[in-house]
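A short worksheet on the structure shown next.
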Amino acid sequence: MTTATIIQSLASGLLMGLLYGLVAVGLALIFGLMDVTNFAHGEFLMLAMYISFFLFAFFAIDPLLSAPLVGAAMFVFGAVAYLFIIRFAMRAKANIGMVQIFTTFGLAILMRGLAQYFFTPDYRSINVSWLGGKTISFGGIFLPVPQLVGALVSLAAFGALYFFIKKTDFGRALEATREDAGAVALVGIDKNRVFALGWGLGSALVGLAGAVMAMFFYIYPDVGASFALIAYVTVALGGFGSVFGAFAGGIIVGLVEATTALIMPPSLKAVGIYAVYLLVVFIRPRGLFGSI
Amino acid sequence: MKINRRHLVIGGAASAAVLPFGTAARAQAKEVVIGVIYPLSGASAQIGVDAQKAFQTAAELINNKYDYDLPLARDEGLPGLGGAKVRLVFADHQADPQKGRAEAERLITQEKVSAIVGTYQSAVAVTVSQICERYQVPFLSADNSSPSLHRRGLKFYFRAAPHDEMFSQAMFDFFDAQKKKGQKIETLALFHEDTIFGTDSANAQLKLAKDRGYKVVADIKYRANSPSLTAEVQQLKAADADVLMPSSYTTDGILLIRTMGELGYKAKNIVAQDAGFSEKALYDAVGDKIPGVISRGSFSLDLAAKRPMVGKINDMYKERSGKDFNDYSSRQFMGLIVMADAINRAKSTDGEKIREALVATDMPGDKTIMPWKQVKFDAEGQNTFADPVLLQYVGGKFVTIFPEQAAVAEAIWPMP
């Protein structure tokens, strides 16, 4: 094992981790806001990747340029999903947790099925983006440009989200609703609008992730599954309800995955992630940065 | 998926007509029901959807008159059963062995199928064939390649196509031949997914490498459908073997080649155990990065030059699916022909009689669309006369390069 190998692993792990973080932040935001785990999160990612793909296939818009468009489209999709589906699930009189799980889970299966029906199960990919396949290398370390850009987008998106939550009125309303949804209703804030905004934001973030990933990952109806599982672990590791925790969790997961693969057979690299996860939950059940 | 109301009505009426009479009446049935079990949703759904078209093409050939030198093509339906037509019932196993088990049971007990063909994933073939054995319904692996499948002492298991040991053997024969020509091939790197397909394939290759004096410098087992293969590729790059030998399904194959490009690793040569590397989707995505990749196969469109019927049947398939036959769809097509031929000779839909007919199968190679010598099963239900070929991806399509008697071009070695 040379120094270059180790640095390469850590660099790859960090790039992947930032992406995991970006996928997980949206999930954490929605969970933190209203205690709903969106089991269709992976399918939201899949949809974003397809939107990016079709924008490229039909209008030749590079995924890098289409990322804001995909984010905006997913914002609308997320808000609509809340207003037309989740809102009604939240009204359940009994077993509300179960109803939410089955609603979002059902949404996931529906989205997968529709994707297979309309987009066919063929594996798609975007080959000729500006950055696709380009790599920067120095001293034996290779950094793929699409992932590098993805990492920068991820950092920028997280920065913007942080600013939005801390510095704007709507962000403060979001925080307040998170703290006490009942009380904010008393001061005239429409809970449903805030929740819809939260779903929109969370979906926009996963939309950005999808657009960036379309540059270097294959796209098919089930693509969300492998990322969603990691996103759930990431959120739990970083701490339920903490957007910052989810982001940090993503980076940790990426790095742990890379280092595990260095010292163990690669087929066991997921073991490292779950070992660290179990350790964290054992010592600190609410996760590293969790407040709940 | 084209199931329209007419099919449902016909299907419903037919099964209603057949049900009350039991086995004796079923023997005279106007149709023979065959279960086809594939991943129609999930990660490998595209394989299943393409497979459906391959089976429908075969059923069309069997049920109507065509002037091809292929069993049952010249008759309408199965003459041995009074012209009974073949009806296919498709089931979706979602690449999950447990769902495969349940679907096989449903096909047998509720759909009353006379035989089952499947399954793409070898891991699913394991459970489906066990259910078939229990109900004494013949099962034919159309495209499963794990060698362990036919070594379980099952009486109702059959496979007309080669398995991974035969395929791997062809690869090592090819290496030996290249070495004789003065090429340097000393080190190999194995890269395989962690289900039965990848594991069996790697075991066969490890054994052959040891027997024939090749050094395996990396043997990397990875988790199927991983979000990232960076660590794996890094190890392959460090090993930098003379030949990289992947056994991967399509998604992982695409990611592997992409990641190799990103990490600045260009393999000297790639000889793939088919699967993802025979899929059009992989070449659409990353074909430009691997000019000259070699994959094993049991089909090549080259054969159409020698047997024009192959080209014509390929056109029929292409009209349905928009794709040429590949290694999978060709084996799926032949799977149904072999099974229907046996049912026809059995003159019965009884499981034991069909099994006996399968055992007695003796189909000359030129009556298939494959480069096989013959279809004849050994005591374990394996066709040992199914000659594999090696294909090289050159100029956007596959050409046969090995063995010599089937080759239409010299191998370009090392890869360009």
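Chain identifiers are assigned as A, B, and so on, following the order in which chains appear in the structure tokens; residues are numbered from 1 within each chain, and ligands are numbered from 1 in order of appearance.
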How close does range 85-165 of chain A get to range 242-265 of chain A? List, as a tab-separated table, each residue of range 85-165 of chain A within 10 Å, its nearest atom pair and the distance in Å to one decimal, counting only C-alpha atoms.
residue	atom	partner	partner_atom	distance
A:Ser154	CA	A:Phe247	CA	9.3
A:Leu155	CA	A:Phe247	CA	9.3
A:Phe158	CA	A:Phe247	CA	7.9
A:Leu161	CA	A:Val243	CA	9.1
A:Tyr162	CA	A:Phe244	CA	8.4
May I have the residues of chain A within 6 Å of chain B, counting only C-alpha atoms, written as a ChimeraX atom specification? /A:121-123,125,135,142,144,222,261,266-267
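The gap separating CA of Asn314 in chain B from CA of Gln52 in chain B is 14.5 Å, in Å to one decimal.
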Enumerate, as an MDAnalysis selection string, the complete set of residues in range 54-293 of chain B that a backbone-based DSSP assignment places in helix (DSSP H, G or I). chainID B and resid 54:63 79:81 97:109 122:135 147:151 164:180 196:212 230:239 250:262 275:278 280:289
How would the residues just chosen look if you wrote them out with C-alpha atoms as a CSV table (one decimal), in the first residue's frame?
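The resulting out32.csv:
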chain,number,residue,atom,x,y,z
B,54,ALA,CA,-37.1,-13.6,-27.8
B,55,PHE,CA,-39.6,-16.2,-26.4
B,56,GLN,CA,-42.5,-14.6,-28.3
B,57,THR,CA,-40.4,-14.9,-31.5
B,58,ALA,CA,-39.8,-18.6,-30.8
B,59,ALA,CA,-43.5,-19.2,-30.1
B,60,GLU,CA,-44.4,-17.5,-33.3
B,61,LEU,CA,-42.1,-19.7,-35.2
B,62,ILE,CA,-43.5,-22.8,-33.5
B,63,ASN,CA,-47.2,-21.8,-33.9
B,79,PRO,CA,-47.8,-32.0,-34.7
B,80,GLY,CA,-47.1,-34.6,-32.0
B,81,LEU,CA,-50.0,-33.1,-30.0
B,97,PRO,CA,-34.5,-16.3,-5.6
B,98,GLN,CA,-37.4,-16.4,-3.1
B,99,LYS,CA,-39.8,-14.6,-5.5
B,100,GLY,CA,-38.6,-17.1,-8.2
B,101,ARG,CA,-39.6,-20.0,-5.9
B,102,ALA,CA,-43.0,-18.5,-5.3
B,103,GLU,CA,-43.6,-17.7,-9.0
B,104,ALA,CA,-42.5,-21.2,-10.1
B,105,GLU,CA,-45.0,-22.7,-7.6
B,106,ARG,CA,-47.7,-20.4,-8.9
B,107,LEU,CA,-47.0,-21.3,-12.5
B,108,ILE,CA,-47.2,-25.0,-11.8
B,109,THR,CA,-50.2,-25.2,-9.4
B,122,SER,CA,-28.3,-18.4,-11.8
B,123,ALA,CA,-29.2,-17.7,-8.1
B,124,VAL,CA,-32.9,-17.8,-9.1
B,125,ALA,CA,-32.5,-20.9,-11.3
B,126,VAL,CA,-31.4,-22.7,-8.1
B,127,THR,CA,-34.7,-22.2,-6.4
B,128,VAL,CA,-36.9,-22.5,-9.5
B,129,SER,CA,-35.4,-25.8,-10.5
B,130,GLN,CA,-35.9,-27.2,-7.0
B,131,ILE,CA,-39.6,-26.4,-7.2
B,132,CYS,CA,-39.8,-28.0,-10.6
B,133,GLU,CA,-38.1,-31.1,-9.3
B,134,ARG,CA,-40.6,-31.4,-6.5
B,135,TYR,CA,-43.6,-31.1,-8.8
B,147,PRO,CA,-21.6,-24.8,-13.5
B,148,SER,CA,-23.0,-25.8,-10.1
B,149,LEU,CA,-26.5,-25.8,-11.5
B,150,HIS,CA,-26.5,-29.1,-13.2
B,151,ARG,CA,-24.4,-30.8,-10.6
B,164,ASP,CA,-19.0,-21.0,-17.2
B,165,GLU,CA,-16.4,-23.8,-17.1
B,166,MET,CA,-16.9,-24.4,-20.8
B,167,PHE,CA,-16.8,-20.7,-21.4
B,168,SER,CA,-13.7,-20.2,-19.2
B,169,GLN,CA,-12.0,-23.1,-20.8
B,170,ALA,CA,-12.5,-21.5,-24.2
B,171,MET,CA,-10.9,-18.3,-22.8
B,172,PHE,CA,-7.8,-20.2,-21.6
B,173,ASP,CA,-7.6,-22.2,-24.8
B,174,PHE,CA,-7.5,-18.8,-26.5
B,175,PHE,CA,-4.8,-17.5,-24.1
B,176,ASP,CA,-2.7,-20.7,-24.8
B,177,ALA,CA,-3.2,-20.1,-28.6
B,178,GLN,CA,-2.1,-16.5,-28.3
B,179,LYS,CA,1.0,-17.5,-26.3
B,180,LYS,CA,1.9,-19.9,-29.0
B,196,ILE,CA,-23.6,-17.4,-7.7
B,197,PHE,CA,-22.8,-16.2,-11.2
B,198,GLY,CA,-19.7,-14.2,-10.3
B,199,THR,CA,-18.5,-16.7,-7.7
B,200,ASP,CA,-18.9,-19.8,-9.9
B,201,SER,CA,-17.2,-18.0,-12.8
B,202,ALA,CA,-14.3,-16.9,-10.6
B,203,ASN,CA,-13.9,-20.4,-9.2
B,204,ALA,CA,-13.7,-21.9,-12.6
B,205,GLN,CA,-11.2,-19.3,-13.8
B,206,LEU,CA,-9.0,-19.7,-10.6
B,207,LYS,CA,-8.9,-23.5,-11.2
B,208,LEU,CA,-8.0,-23.2,-14.9
B,209,ALA,CA,-5.4,-20.5,-14.2
B,210,LYS,CA,-3.7,-22.8,-11.7
B,211,ASP,CA,-3.9,-25.9,-14.0
B,212,ARG,CA,-2.4,-24.0,-16.9
B,230,THR,CA,-13.3,3.2,-6.9
B,231,ALA,CA,-11.6,1.0,-4.3
B,232,GLU,CA,-12.0,-2.1,-6.5
B,233,VAL,CA,-10.6,-0.4,-9.6
B,234,GLN,CA,-7.6,1.0,-7.6
B,235,GLN,CA,-6.7,-2.6,-6.7
B,236,LEU,CA,-7.0,-3.7,-10.3
B,237,LYS,CA,-4.9,-0.8,-11.4
B,238,ALA,CA,-2.2,-1.7,-8.8
B,239,ALA,CA,-2.2,-5.3,-10.1
B,250,THR,CA,-24.7,-4.6,-16.9
B,251,THR,CA,-24.9,-1.9,-14.2
B,252,ASP,CA,-21.6,-3.0,-12.6
B,253,GLY,CA,-19.9,-3.4,-16.0
B,254,ILE,CA,-20.8,0.2,-17.0
B,255,LEU,CA,-19.5,1.5,-13.6
B,256,LEU,CA,-16.4,-0.6,-13.8
B,257,ILE,CA,-15.3,0.8,-17.2
B,258,ARG,CA,-16.3,4.3,-16.2
B,259,THR,CA,-14.3,4.2,-13.0
B,260,MET,CA,-11.3,2.7,-14.8
B,261,GLY,CA,-11.3,5.7,-17.1
B,262,GLU,CA,-11.6,8.1,-14.2
B,275,ALA,CA,-23.4,-10.9,-18.9
B,276,GLY,CA,-23.2,-7.1,-18.9
B,277,PHE,CA,-20.5,-7.3,-21.6
B,278,SER,CA,-22.9,-8.7,-24.1
B,280,LYS,CA,-26.0,-3.2,-26.0
B,281,ALA,CA,-26.6,-0.8,-23.1
B,282,LEU,CA,-23.0,-1.2,-21.9
B,283,TYR,CA,-21.6,-0.4,-25.3
B,284,ASP,CA,-23.9,2.6,-25.7
B,285,ALA,CA,-22.6,3.9,-22.4
B,286,VAL,CA,-18.9,3.1,-22.4
B,287,GLY,CA,-18.2,1.2,-25.7
B,288,ASP,CA,-15.7,3.9,-26.9
B,289,LYS,CA,-13.5,3.2,-23.8
To one decimal place in Å, what is the distance between CA of Ala72 in chain A and CA of Val206 in chain A? 10.8 Å
Nearest-residue call for Thr37 in chain A, choices A:Tyr274, A:Phe102, A:Phe59, A:Phe164, using only C-alpha atoms: A:Phe102
Would you pick out the contacts of Val149 in chain A at 12 Å or less, using only C-alpha atoms, so that residues sharing its chain but fewer than 6 positions from it are not included, and give the list as number ranges by chain? A: 15-16, 18-19, 63-65, 67, 130-132, 134-136, 143, 155-157, 208-209, 211-213, 215-216
